[in-house]
file upload-v8.cif (mmCIF, C-alpha atoms)
data_my_file
#
loop_
_atom_site.group_PDB
_atom_site.id
_atom_site.type_symbol
_atom_site.label_atom_id
_atom_site.label_comp_id
_atom_site.auth_asym_id
_atom_site.auth_seq_id
_atom_site.Cartn_x
_atom_site.Cartn_y
_atom_site.Cartn_z
ATOM 1 C CA MET A 1 -71.715 18.911 -2.189
ATOM 2 C CA PHE A 2 -69.057 16.841 -0.508
ATOM 3 C CA ILE A 3 -66.155 15.101 -2.186
ATOM 4 C CA THR A 4 -64.683 12.042 -0.545
ATOM 5 C CA LEU A 5 -61.334 10.396 -1.142
ATOM 6 C CA GLU A 6 -60.622 6.832 -0.123
ATOM 7 C CA THR A 7 -58.012 4.268 -1.034
ATOM 8 C CA ARG A 8 -58.769 0.701 -2.000
ATOM 9 C CA GLY A 9 -55.503 -1.097 -2.466
ATOM 10 C CA ASN A 10 -53.610 0.753 -5.171
ATOM 11 C CA ILE A 11 -56.665 2.757 -6.240
ATOM 12 C CA PHE A 12 -57.652 6.257 -5.140
ATOM 13 C CA LEU A 13 -61.446 6.608 -5.329
ATOM 14 C CA LEU A 14 -62.679 10.201 -5.605
ATOM 15 C CA THR A 15 -66.460 10.480 -5.219
ATOM 16 C CA LEU A 16 -68.769 13.460 -5.633
ATOM 17 C CA THR A 17 -71.331 12.523 -3.008
ATOM 18 C CA GLY A 18 -74.996 13.245 -2.448
ATOM 19 C CA GLU A 19 -78.119 13.540 -4.587
ATOM 20 C CA THR A 20 -77.244 17.008 -5.936
ATOM 21 C CA GLU A 21 -76.200 18.254 -9.368
ATOM 22 C CA HIS A 22 -72.589 18.344 -8.133
ATOM 23 C CA ARG A 23 -72.179 21.943 -9.243
ATOM 24 C CA LEU A 24 -68.659 23.342 -9.293
ATOM 25 C CA SER A 25 -68.616 26.410 -7.036
ATOM 26 C CA PRO A 26 -65.334 28.058 -5.989
ATOM 27 C CA SER A 27 -65.371 26.174 -2.683
ATOM 28 C CA VAL A 28 -66.006 22.830 -4.405
ATOM 29 C CA ILE A 29 -63.270 23.525 -6.949
ATOM 30 C CA SER A 30 -60.870 24.402 -4.129
ATOM 31 C CA HIS A 31 -61.721 21.171 -2.297
ATOM 32 C CA LEU A 32 -61.282 19.153 -5.485
ATOM 33 C CA ARG A 33 -57.855 20.704 -6.101
ATOM 34 C CA SER A 34 -56.824 19.946 -2.535
ATOM 35 C CA LEU A 35 -57.719 16.274 -2.959
ATOM 36 C CA LEU A 36 -55.919 16.059 -6.304
ATOM 37 C CA SER A 37 -52.854 17.535 -4.615
ATOM 38 C CA GLN A 38 -53.109 14.893 -1.902
ATOM 39 C CA ILE A 39 -53.342 12.163 -4.530
ATOM 40 C CA ARG A 40 -50.289 13.524 -6.288
ATOM 41 C CA SER A 41 -48.260 13.559 -3.078
ATOM 42 C CA GLU A 42 -49.296 10.037 -2.047
ATOM 43 C CA ALA A 43 -49.115 8.355 -5.471
ATOM 44 C CA LYS A 44 -46.593 5.600 -6.069
ATOM 45 C CA PRO A 45 -45.907 3.178 -8.932
ATOM 46 C CA GLY A 46 -49.097 1.166 -9.384
ATOM 47 C CA SER A 47 -51.460 3.914 -8.151
ATOM 48 C CA VAL A 48 -54.581 4.723 -10.182
ATOM 49 C CA LEU A 49 -57.321 7.349 -9.749
ATOM 50 C CA ILE A 50 -61.007 6.620 -10.327
ATOM 51 C CA THR A 51 -63.418 9.568 -10.181
ATOM 52 C CA THR A 52 -67.148 8.977 -9.940
ATOM 53 C CA ALA A 53 -70.317 10.494 -8.473
ATOM 54 C CA GLN A 54 -73.455 9.513 -6.639
ATOM 55 C CA GLY A 55 -76.966 10.273 -7.820
ATOM 56 C CA LYS A 56 -78.356 11.504 -11.119
ATOM 57 C CA PHE A 57 -75.441 13.774 -12.020
ATOM 58 C CA PHE A 58 -71.717 13.313 -12.500
ATOM 59 C CA SER A 59 -71.474 17.115 -12.533
ATOM 60 C CA ASN A 60 -73.787 19.718 -14.052
ATOM 61 C CA GLY A 61 -71.031 22.297 -14.446
ATOM 62 C CA PHE A 62 -70.470 25.593 -12.721
ATOM 63 C CA ASP A 63 -72.673 26.693 -9.832
ATOM 64 C CA LEU A 64 -74.887 29.247 -11.583
ATOM 65 C CA THR A 65 -77.053 29.662 -8.480
ATOM 66 C CA TRP A 66 -73.989 30.868 -6.582
ATOM 67 C CA ALA A 67 -73.114 33.148 -9.509
ATOM 68 C CA GLN A 68 -76.568 34.768 -9.305
ATOM 69 C CA SER A 69 -76.807 34.906 -5.519
ATOM 70 C CA ASN A 70 -75.506 38.471 -5.177
ATOM 71 C CA GLY A 71 -77.746 39.817 -7.906
ATOM 72 C CA PRO A 72 -77.540 40.098 -11.706
ATOM 73 C CA SER A 73 -74.816 42.761 -11.639
ATOM 74 C CA PHE A 74 -72.365 40.290 -10.074
ATOM 75 C CA PHE A 75 -73.250 37.306 -12.266
ATOM 76 C CA ARG A 76 -70.620 37.868 -14.957
ATOM 77 C CA ASP A 77 -67.812 38.434 -12.446
ATOM 78 C CA ARG A 78 -68.724 35.372 -10.406
ATOM 79 C CA LEU A 79 -69.012 33.192 -13.498
ATOM 80 C CA HIS A 80 -65.627 34.455 -14.667
ATOM 81 C CA GLN A 81 -64.191 33.584 -11.258
ATOM 82 C CA MET A 82 -65.317 29.968 -11.622
ATOM 83 C CA VAL A 83 -63.881 29.803 -15.148
ATOM 84 C CA ILE A 84 -60.518 30.987 -13.796
ATOM 85 C CA ASP A 85 -60.682 28.753 -10.710
ATOM 86 C CA PHE A 86 -61.463 25.622 -12.727
ATOM 87 C CA LYS A 87 -58.607 26.022 -15.204
ATOM 88 C CA PRO A 88 -55.970 24.634 -12.775
ATOM 89 C CA VAL A 89 -58.143 21.540 -12.213
ATOM 90 C CA ILE A 90 -57.469 20.521 -15.810
ATOM 91 C CA SER A 91 -53.770 21.243 -15.294
ATOM 92 C CA ASP A 92 -53.853 19.142 -12.127
ATOM 93 C CA LEU A 93 -55.441 16.190 -13.915
ATOM 94 C CA ILE A 94 -52.944 16.345 -16.765
ATOM 95 C CA SER A 95 -50.104 16.533 -14.228
ATOM 96 C CA LEU A 96 -51.103 13.600 -12.036
ATOM 97 C CA PRO A 97 -48.362 10.921 -12.011
ATOM 98 C CA LEU A 98 -50.779 8.006 -12.376
ATOM 99 C CA PRO A 99 -53.443 6.670 -14.756
ATOM 100 C CA THR A 100 -56.885 8.236 -14.313
ATOM 101 C CA ILE A 101 -60.356 6.863 -15.024
ATOM 102 C CA ALA A 102 -63.709 8.651 -14.958
ATOM 103 C CA ALA A 103 -66.684 6.419 -14.155
ATOM 104 C CA VAL A 104 -69.508 8.630 -15.397
ATOM 105 C CA THR A 105 -72.676 7.424 -13.725
ATOM 106 C CA GLY A 106 -74.888 10.433 -14.465
ATOM 107 C CA HIS A 107 -75.207 13.619 -16.501
ATOM 108 C CA ALA A 108 -71.966 15.499 -17.220
ATOM 109 C CA ALA A 109 -72.537 18.997 -18.591
ATOM 110 C CA ALA A 110 -70.288 21.954 -19.445
ATOM 111 C CA ALA A 111 -67.425 22.037 -16.905
ATOM 112 C CA GLY A 112 -68.658 18.651 -15.683
ATOM 113 C CA PHE A 113 -68.170 17.301 -19.210
ATOM 114 C CA LEU A 114 -64.639 18.719 -19.194
ATOM 115 C CA LEU A 115 -63.970 17.164 -15.791
ATOM 116 C CA ALA A 116 -64.947 13.750 -17.160
ATOM 117 C CA ILE A 117 -62.807 13.884 -20.301
ATOM 118 C CA GLY A 118 -59.937 15.259 -18.229
ATOM 119 C CA HIS A 119 -59.239 11.639 -17.299
ATOM 120 C CA ASP A 120 -57.229 9.212 -19.389
ATOM 121 C CA TYR A 121 -60.149 6.803 -19.706
ATOM 122 C CA VAL A 122 -63.882 7.525 -19.618
ATOM 123 C CA TYR A 123 -66.397 4.785 -18.822
ATOM 124 C CA MET A 124 -70.128 5.565 -18.804
ATOM 125 C CA ARG A 125 -73.405 3.888 -18.038
ATOM 126 C CA LYS A 126 -75.764 3.516 -20.990
ATOM 127 C CA ASP A 127 -79.090 3.365 -19.169
ATOM 128 C CA ARG A 128 -79.019 6.975 -17.924
ATOM 129 C CA GLY A 129 -77.055 10.184 -18.293
ATOM 130 C CA VAL A 130 -75.800 12.387 -21.110
ATOM 131 C CA LEU A 131 -72.745 14.421 -21.979
ATOM 132 C CA TYR A 132 -73.687 17.978 -22.913
ATOM 133 C CA MET A 133 -71.887 21.254 -23.582
ATOM 134 C CA SER A 134 -74.615 23.746 -22.720
ATOM 135 C CA GLU A 135 -72.883 27.019 -23.588
ATOM 136 C CA LEU A 136 -74.541 27.486 -26.988
ATOM 137 C CA ASP A 137 -77.994 27.008 -25.485
ATOM 138 C CA ILE A 138 -77.463 29.324 -22.513
ATOM 139 C CA GLY A 139 -75.726 31.988 -24.602
ATOM 140 C CA MET A 140 -72.076 32.149 -23.645
ATOM 141 C CA THR A 141 -68.825 31.484 -25.447
ATOM 142 C CA LEU A 142 -66.440 28.758 -24.373
ATOM 143 C CA PRO A 143 -63.299 29.621 -22.385
ATOM 144 C CA ASP A 144 -60.084 29.262 -24.368
ATOM 145 C CA TYR A 145 -58.848 26.310 -22.338
ATOM 146 C CA PHE A 146 -62.165 24.473 -22.780
ATOM 147 C CA MET A 147 -61.791 24.583 -26.541
ATOM 148 C CA ALA A 148 -58.053 23.866 -26.531
ATOM 149 C CA PHE A 149 -58.567 20.812 -24.364
ATOM 150 C CA MET A 150 -61.555 19.488 -26.307
ATOM 151 C CA ARG A 151 -59.627 19.836 -29.581
ATOM 152 C CA GLU A 152 -57.032 17.470 -28.136
ATOM 153 C CA LYS A 153 -59.586 15.013 -26.775
ATOM 154 C CA ILE A 154 -62.441 14.916 -29.299
ATOM 155 C CA TRP A 155 -62.449 14.096 -33.033
ATOM 156 C CA VAL A 156 -63.087 17.115 -35.271
ATOM 157 C CA LYS A 157 -66.560 16.152 -36.523
ATOM 158 C CA SER A 158 -67.597 15.009 -33.071
ATOM 159 C CA LEU A 159 -66.383 18.316 -31.620
ATOM 160 C CA ARG A 160 -68.583 20.151 -34.103
ATOM 161 C CA ASP A 161 -71.636 18.262 -32.836
ATOM 162 C CA VAL A 162 -70.633 18.847 -29.215
ATOM 163 C CA VAL A 163 -70.065 22.620 -29.384
ATOM 164 C CA LEU A 164 -72.023 23.782 -32.464
ATOM 165 C CA GLN A 165 -75.131 21.662 -31.898
ATOM 166 C CA GLY A 166 -75.143 21.340 -28.129
ATOM 167 C CA LYS A 167 -75.836 17.657 -28.726
ATOM 168 C CA ARG A 168 -76.875 15.600 -25.720
ATOM 169 C CA ILE A 169 -74.744 12.502 -26.034
ATOM 170 C CA LYS A 170 -75.748 9.210 -24.480
ATOM 171 C CA GLY A 171 -73.135 6.633 -23.607
ATOM 172 C CA GLU A 172 -73.349 4.473 -26.732
ATOM 173 C CA ASP A 173 -73.255 7.537 -28.985
ATOM 174 C CA GLY A 174 -70.257 8.758 -27.003
ATOM 175 C CA VAL A 175 -68.411 5.562 -27.904
ATOM 176 C CA LYS A 176 -69.206 6.026 -31.614
ATOM 177 C CA MET A 177 -67.989 9.628 -31.406
ATOM 178 C CA GLY A 178 -64.719 8.614 -29.762
ATOM 179 C CA ILE A 179 -65.456 10.431 -26.497
ATOM 180 C CA ILE A 180 -66.309 7.433 -24.296
ATOM 181 C CA ASP A 181 -64.119 4.338 -24.123
ATOM 182 C CA GLU A 182 -66.801 1.855 -23.098
ATOM 183 C CA VAL A 183 -70.363 1.754 -21.769
ATOM 184 C CA PHE A 184 -72.027 -0.502 -19.216
ATOM 185 C CA CYS A 185 -75.579 -1.374 -18.232
ATOM 186 C CA ASN A 186 -75.788 0.641 -15.011
ATOM 187 C CA ALA A 187 -73.824 2.576 -12.427
ATOM 188 C CA GLU A 188 -72.670 -0.479 -10.513
ATOM 189 C CA GLU A 189 -71.283 -2.180 -13.608
ATOM 190 C CA THR A 190 -69.594 1.052 -14.702
ATOM 191 C CA ILE A 191 -67.744 1.426 -11.403
ATOM 192 C CA GLU A 192 -66.908 -2.287 -11.277
ATOM 193 C CA ALA A 193 -65.397 -2.066 -14.766
ATOM 194 C CA ALA A 194 -63.415 1.020 -13.760
ATOM 195 C CA PHE A 195 -61.892 -0.933 -10.858
ATOM 196 C CA LYS A 196 -61.013 -3.825 -13.157
ATOM 197 C CA LEU A 197 -59.266 -1.419 -15.514
ATOM 198 C CA GLY A 198 -57.596 0.272 -12.553
ATOM 199 C CA ASP A 199 -56.220 -3.053 -11.316
ATOM 200 C CA LYS A 200 -54.948 -3.878 -14.803
ATOM 201 C CA LEU A 201 -53.214 -0.524 -15.243
ATOM 202 C CA GLY A 202 -51.874 -0.530 -11.695
ATOM 203 C CA SER A 203 -50.277 -3.927 -12.146
ATOM 204 C CA ARG A 204 -47.832 -2.375 -14.623
ATOM 205 C CA LYS A 205 -46.347 -0.188 -11.857
ATOM 206 C CA TRP A 206 -45.182 2.508 -14.241
ATOM 207 C CA ASN A 207 -43.022 5.380 -13.047
ATOM 208 C CA GLY A 208 -45.427 8.244 -12.390
ATOM 209 C CA GLU A 209 -43.255 11.066 -13.709
ATOM 210 C CA VAL A 210 -42.630 9.199 -16.946
ATOM 211 C CA TYR A 211 -46.362 8.488 -17.260
ATOM 212 C CA LEU A 212 -47.434 12.112 -16.789
ATOM 213 C CA GLU A 213 -44.825 13.447 -19.214
ATOM 214 C CA ILE A 214 -45.956 11.004 -21.900
ATOM 215 C CA ARG A 215 -49.552 12.049 -21.203
ATOM 216 C CA LYS A 216 -48.560 15.697 -21.639
ATOM 217 C CA SER A 217 -46.890 14.857 -24.948
ATOM 218 C CA THR A 218 -50.247 13.555 -26.259
ATOM 219 C CA LEU A 219 -51.916 16.872 -25.364
ATOM 220 C CA LYS A 220 -49.410 19.334 -26.825
ATOM 221 C CA GLY A 221 -52.045 21.739 -28.146
ATOM 222 C CA VAL A 222 -53.441 22.592 -24.719
ATOM 223 C CA LEU A 223 -50.176 22.809 -22.763
ATOM 224 C CA PRO A 224 -49.390 26.474 -23.613
ATOM 225 C CA VAL A 225 -52.922 27.559 -22.673
ATOM 226 C CA LEU A 226 -52.568 25.853 -19.283
ATOM 227 C CA GLY A 227 -49.015 27.042 -18.704
ATOM 228 C CA LEU A 228 -47.607 23.515 -18.757
ATOM 229 C CA VAL A 229 -44.331 22.485 -20.335
ATOM 230 C CA GLU A 230 -42.910 19.110 -21.231
ATOM 231 C CA LYS A 231 -39.740 17.781 -19.702
ATOM 232 C CA GLU A 232 -37.601 14.759 -20.377
ATOM 233 C CA VAL A 233 -37.571 11.986 -17.794
ATOM 234 C CA LEU A 234 -35.315 8.949 -18.050
ATOM 235 C CA VAL A 235 -35.603 6.100 -15.579
ATOM 236 C CA ALA A 236 -33.279 3.227 -16.460
ATOM 237 C CA ARG A 237 -34.903 -0.203 -16.126
ATOM 238 C CA LEU A 238 -32.311 -2.684 -17.266
#
call {"tool": "encode", "arguments": {"input": "upload-v8.cif", "output": "C-alpha cells"}}
result
Amino acid sequence: MFITLETRGNIFLLTLTGETEHRLSPSVISHLRSLLSQIRSEAKPGSVLITTAQGKFFSNGFDLTWAQSNGPSFFRDRLHQMVIDFKPVISDLISLPLPTIAAVTGHAAAAGFLLAIGHDYVYMRKDRGVLYMSELDIGMTLPDYFMAFMREKIWVKSLRDVVLQGKRIKGEDGVKMGIIDEVFCNAEETIEAAFKLGDKLGSRKWNGEVYLEIRKSTLKGVLPVLGLVEKEVLVARL
C-alpha cells in the first residue's frame, strides 16, 4: 500500500492508495507517521487535513498476513509490535495543529476504525462500507489505548454495541450512534463534502497550537495513556 500526500490550497490531502485492504503493517505505520510529521511541520493558520482512501477499504486494520508470515510462533509478537507501533499515530493525530477530517469511503475495521475516529470530523458514504471492531470475533482483547480513546469518542451505549457486539455499522447508523458526523451518497460526494468543510474550517485561520491544546482538553481521559499532557497557550488577538 502506498500513502500519498498532496496539498490543494490550504488543505493537506492524505490518501491510502490502491485497491487493497490498506492494512497497517509496521512499514505502513512508519510511512503514515512520517507524513503526519511533515504535515505538522508545514501547517500554518488555515491548514486542514483530509484523510481518505481509494477502493473498497478505508483500512481493514493491522496486517495479519505480515504477522503470520514467519510462522504461528511469531504471530503474537508481531501483532504486539503493530499495536505498539500504531499507538503514536493516535498521539500524532491528537497533536496536529490543524483541524482534521476523515472521509471514509470504504470499510474501516479495528485499527482502521480507530484511524478514522482519530480525526476531528468523520464523514462517510452511505452506499457502501461499514465500521467494525473485529477483536471480539477474532478472539483478542483490545489494547488499553484503543479503549481509552473510544471512551472519549463514542457514547457509552454505542460503545457497548461496537466492542461487545462487534456490530457492523453502516454510515447512517453511525450518525445515529454519534460516531459519524454526516453521510453522503457515494465516495465522490463524501470527499467533496470533506473539502467544503475543510474550506470552511480553514477560513477561520485559527492558531494551530491553541487548536491542538483545546482538542487535547476534550480528550482528557486518553492523554495519560498516550503520554500526552496539556499546556496553556495564549495568543493575544486584540
call {"tool": "closest_atom_pairs", "arguments": {"input": "upload-v8.cif", "of": "segment 89-119 of chain A", "to": "segment 159-180 of chain A", "cutoff": "10 Å", "atoms": "only C-alpha atoms", "output": "tab-separated table"}}
result
residue	atom	partner	partner_atom	distance
A:Ala102	CA	A:Ile180	CA	9.8
A:Val104	CA	A:Gly171	CA	9.2
A:Thr105	CA	A:Gly171	CA	9.9
A:His107	CA	A:Lys170	CA	9.1
A:Ala108	CA	A:Ile169	CA	9.7
A:Ala109	CA	A:Arg168	CA	9.0
A:Ala110	CA	A:Val163	CA	10.0
A:Ala116	CA	A:Ile180	CA	9.6
A:Ile117	CA	A:Ile179	CA	7.6
call {"tool": "atom_distance", "arguments": {"input": "upload-v8.cif", "atom1": "atom CA of Arg33 of chain A", "atom2": "atom CA of Met150 of chain A"}}
result
20.6 Å
call {"tool": "residues_near_point", "arguments": {"input": "upload-v8.cif", "point": "(-60.4, -1.5, -12.6)", "cutoff": "12 Å", "atoms": "only C-alpha atoms", "output": "JSON, numbers by chain"}}
result
{"A": [8, 9, 10, 11, 12, 13, 47, 48, 49, 50, 51, 99, 100, 101, 102, 103, 121, 122, 123, 189, 190, 191, 192, 193, 194, 195, 196, 197, 198, 199, 200, 201, 202, 203]}
call {"tool": "atom_distance", "arguments": {"input": "upload-v8.cif", "atom1": "atom CA of Ser25 of chain A", "atom2": "atom CA of Ala111 of chain A"}}
result
10.9 Å
call {"tool": "atom_distance", "arguments": {"input": "upload-v8.cif", "atom1": "atom CA of Asn186 of chain A", "atom2": "atom CA of Thr7 of chain A"}}
result
22.9 Å
call {"tool": "residues_around", "arguments": {"input": "upload-v8.cif", "residues": "segment 221-223 of chain A", "least_positions_apart": "4", "cutoff": "9 Å", "atoms": "only C-alpha atoms", "output": "ChimeraX atom specification"}}
result
/A:91,145,147-152,216-217,227-230
call {"tool": "decode", "arguments": {"input": "upload-v8.cif", "residues": "segment 183-199 of chain A", "atoms": "N, CA, C and O atoms", "output": "PDB file, in the first residue's frame"}}
result
ATOM      1  N   VAL A 183     -23.364  11.622   6.467  1.00  0.00           N
ATOM      2  CA  VAL A 183     -23.179  10.631   5.408  1.00  0.00           C
ATOM      3  C   VAL A 183     -23.583  11.221   4.069  1.00  0.00           C
ATOM      4  O   VAL A 183     -24.392  12.159   3.990  1.00  0.00           O
ATOM      5  N   PHE A 184     -23.037  10.614   2.996  1.00  0.00           N
ATOM      6  CA  PHE A 184     -23.257  11.103   1.647  1.00  0.00           C
ATOM      7  C   PHE A 184     -23.470   9.913   0.716  1.00  0.00           C
ATOM      8  O   PHE A 184     -23.151   8.779   1.056  1.00  0.00           O
ATOM      9  N   CYS A 185     -23.990  10.189  -0.467  1.00  0.00           N
ATOM     10  CA  CYS A 185     -24.472   9.116  -1.340  1.00  0.00           C
ATOM     11  C   CYS A 185     -23.361   8.182  -1.820  1.00  0.00           C
ATOM     12  O   CYS A 185     -23.576   6.988  -1.992  1.00  0.00           O
ATOM     13  N   ASN A 186     -22.172   8.727  -2.073  1.00  0.00           N
ATOM     14  CA  ASN A 186     -21.102   7.911  -2.631  1.00  0.00           C
ATOM     15  C   ASN A 186     -19.752   8.511  -2.238  1.00  0.00           C
ATOM     16  O   ASN A 186     -19.689   9.522  -1.527  1.00  0.00           O
ATOM     17  N   ALA A 187     -18.701   7.879  -2.747  1.00  0.00           N
ATOM     18  CA  ALA A 187     -17.353   8.323  -2.381  1.00  0.00           C
ATOM     19  C   ALA A 187     -17.076   9.742  -2.849  1.00  0.00           C
ATOM     20  O   ALA A 187     -16.494  10.554  -2.112  1.00  0.00           O
ATOM     21  N   GLU A 188     -17.471  10.048  -4.065  1.00  0.00           N
ATOM     22  CA  GLU A 188     -17.192  11.368  -4.623  1.00  0.00           C
ATOM     23  C   GLU A 188     -17.854  12.472  -3.797  1.00  0.00           C
ATOM     24  O   GLU A 188     -17.228  13.495  -3.496  1.00  0.00           O
ATOM     25  N   GLU A 189     -19.117  12.248  -3.429  1.00  0.00           N
ATOM     26  CA  GLU A 189     -19.817  13.256  -2.637  1.00  0.00           C
ATOM     27  C   GLU A 189     -19.221  13.386  -1.240  1.00  0.00           C
ATOM     28  O   GLU A 189     -19.195  14.466  -0.662  1.00  0.00           O
ATOM     29  N   THR A 190     -18.743  12.258  -0.695  1.00  0.00           N
ATOM     30  CA  THR A 190     -18.130  12.285   0.634  1.00  0.00           C
ATOM     31  C   THR A 190     -16.868  13.138   0.629  1.00  0.00           C
ATOM     32  O   THR A 190     -16.661  13.984   1.514  1.00  0.00           O
ATOM     33  N   ILE A 191     -16.023  12.936  -0.367  1.00  0.00           N
ATOM     34  CA  ILE A 191     -14.776  13.706  -0.454  1.00  0.00           C
ATOM     35  C   ILE A 191     -15.069  15.166  -0.766  1.00  0.00           C
ATOM     36  O   ILE A 191     -14.448  16.075  -0.192  1.00  0.00           O
ATOM     37  N   GLU A 192     -16.034  15.412  -1.645  1.00  0.00           N
ATOM     38  CA  GLU A 192     -16.406  16.793  -1.974  1.00  0.00           C
ATOM     39  C   GLU A 192     -16.887  17.521  -0.721  1.00  0.00           C
ATOM     40  O   GLU A 192     -16.515  18.683  -0.469  1.00  0.00           O
ATOM     41  N   ALA A 193     -17.706  16.854   0.088  1.00  0.00           N
ATOM     42  CA  ALA A 193     -18.200  17.469   1.316  1.00  0.00           C
ATOM     43  C   ALA A 193     -17.067  17.725   2.303  1.00  0.00           C
ATOM     44  O   ALA A 193     -17.068  18.740   3.015  1.00  0.00           O
ATOM     45  N   ALA A 194     -16.098  16.804   2.350  1.00  0.00           N
ATOM     46  CA  ALA A 194     -14.951  16.997   3.235  1.00  0.00           C
ATOM     47  C   ALA A 194     -14.164  18.245   2.833  1.00  0.00           C
ATOM     48  O   ALA A 194     -13.716  19.012   3.700  1.00  0.00           O
ATOM     49  N   PHE A 195     -14.011  18.474   1.536  1.00  0.00           N
ATOM     50  CA  PHE A 195     -13.311  19.675   1.070  1.00  0.00           C
ATOM     51  C   PHE A 195     -14.102  20.938   1.409  1.00  0.00           C
ATOM     52  O   PHE A 195     -13.512  21.965   1.787  1.00  0.00           O
ATOM     53  N   LYS A 196     -15.414  20.872   1.287  1.00  0.00           N
ATOM     54  CA  LYS A 196     -16.226  22.040   1.642  1.00  0.00           C
ATOM     55  C   LYS A 196     -16.069  22.367   3.129  1.00  0.00           C
ATOM     56  O   LYS A 196     -15.917  23.536   3.510  1.00  0.00           O
ATOM     57  N   LEU A 197     -16.099  21.331   3.968  1.00  0.00           N
ATOM     58  CA  LEU A 197     -15.889  21.548   5.389  1.00  0.00           C
ATOM     59  C   LEU A 197     -14.479  22.063   5.650  1.00  0.00           C
ATOM     60  O   LEU A 197     -14.282  22.981   6.467  1.00  0.00           O
ATOM     61  N   GLY A 198     -13.494  21.488   4.941  1.00  0.00           N
ATOM     62  CA  GLY A 198     -12.123  21.935   5.104  1.00  0.00           C
ATOM     63  C   GLY A 198     -11.952  23.410   4.764  1.00  0.00           C
ATOM     64  O   GLY A 198     -11.266  24.150   5.480  1.00  0.00           O
ATOM     65  N   ASP A 199     -12.579  23.848   3.683  1.00  0.00           N
ATOM     66  CA  ASP A 199     -12.512  25.266   3.304  1.00  0.00           C
ATOM     67  C   ASP A 199     -13.157  26.144   4.367  1.00  0.00           C
ATOM     68  O   ASP A 199     -12.650  27.225   4.701  1.00  0.00           O
TER      69      ASP A 199
END
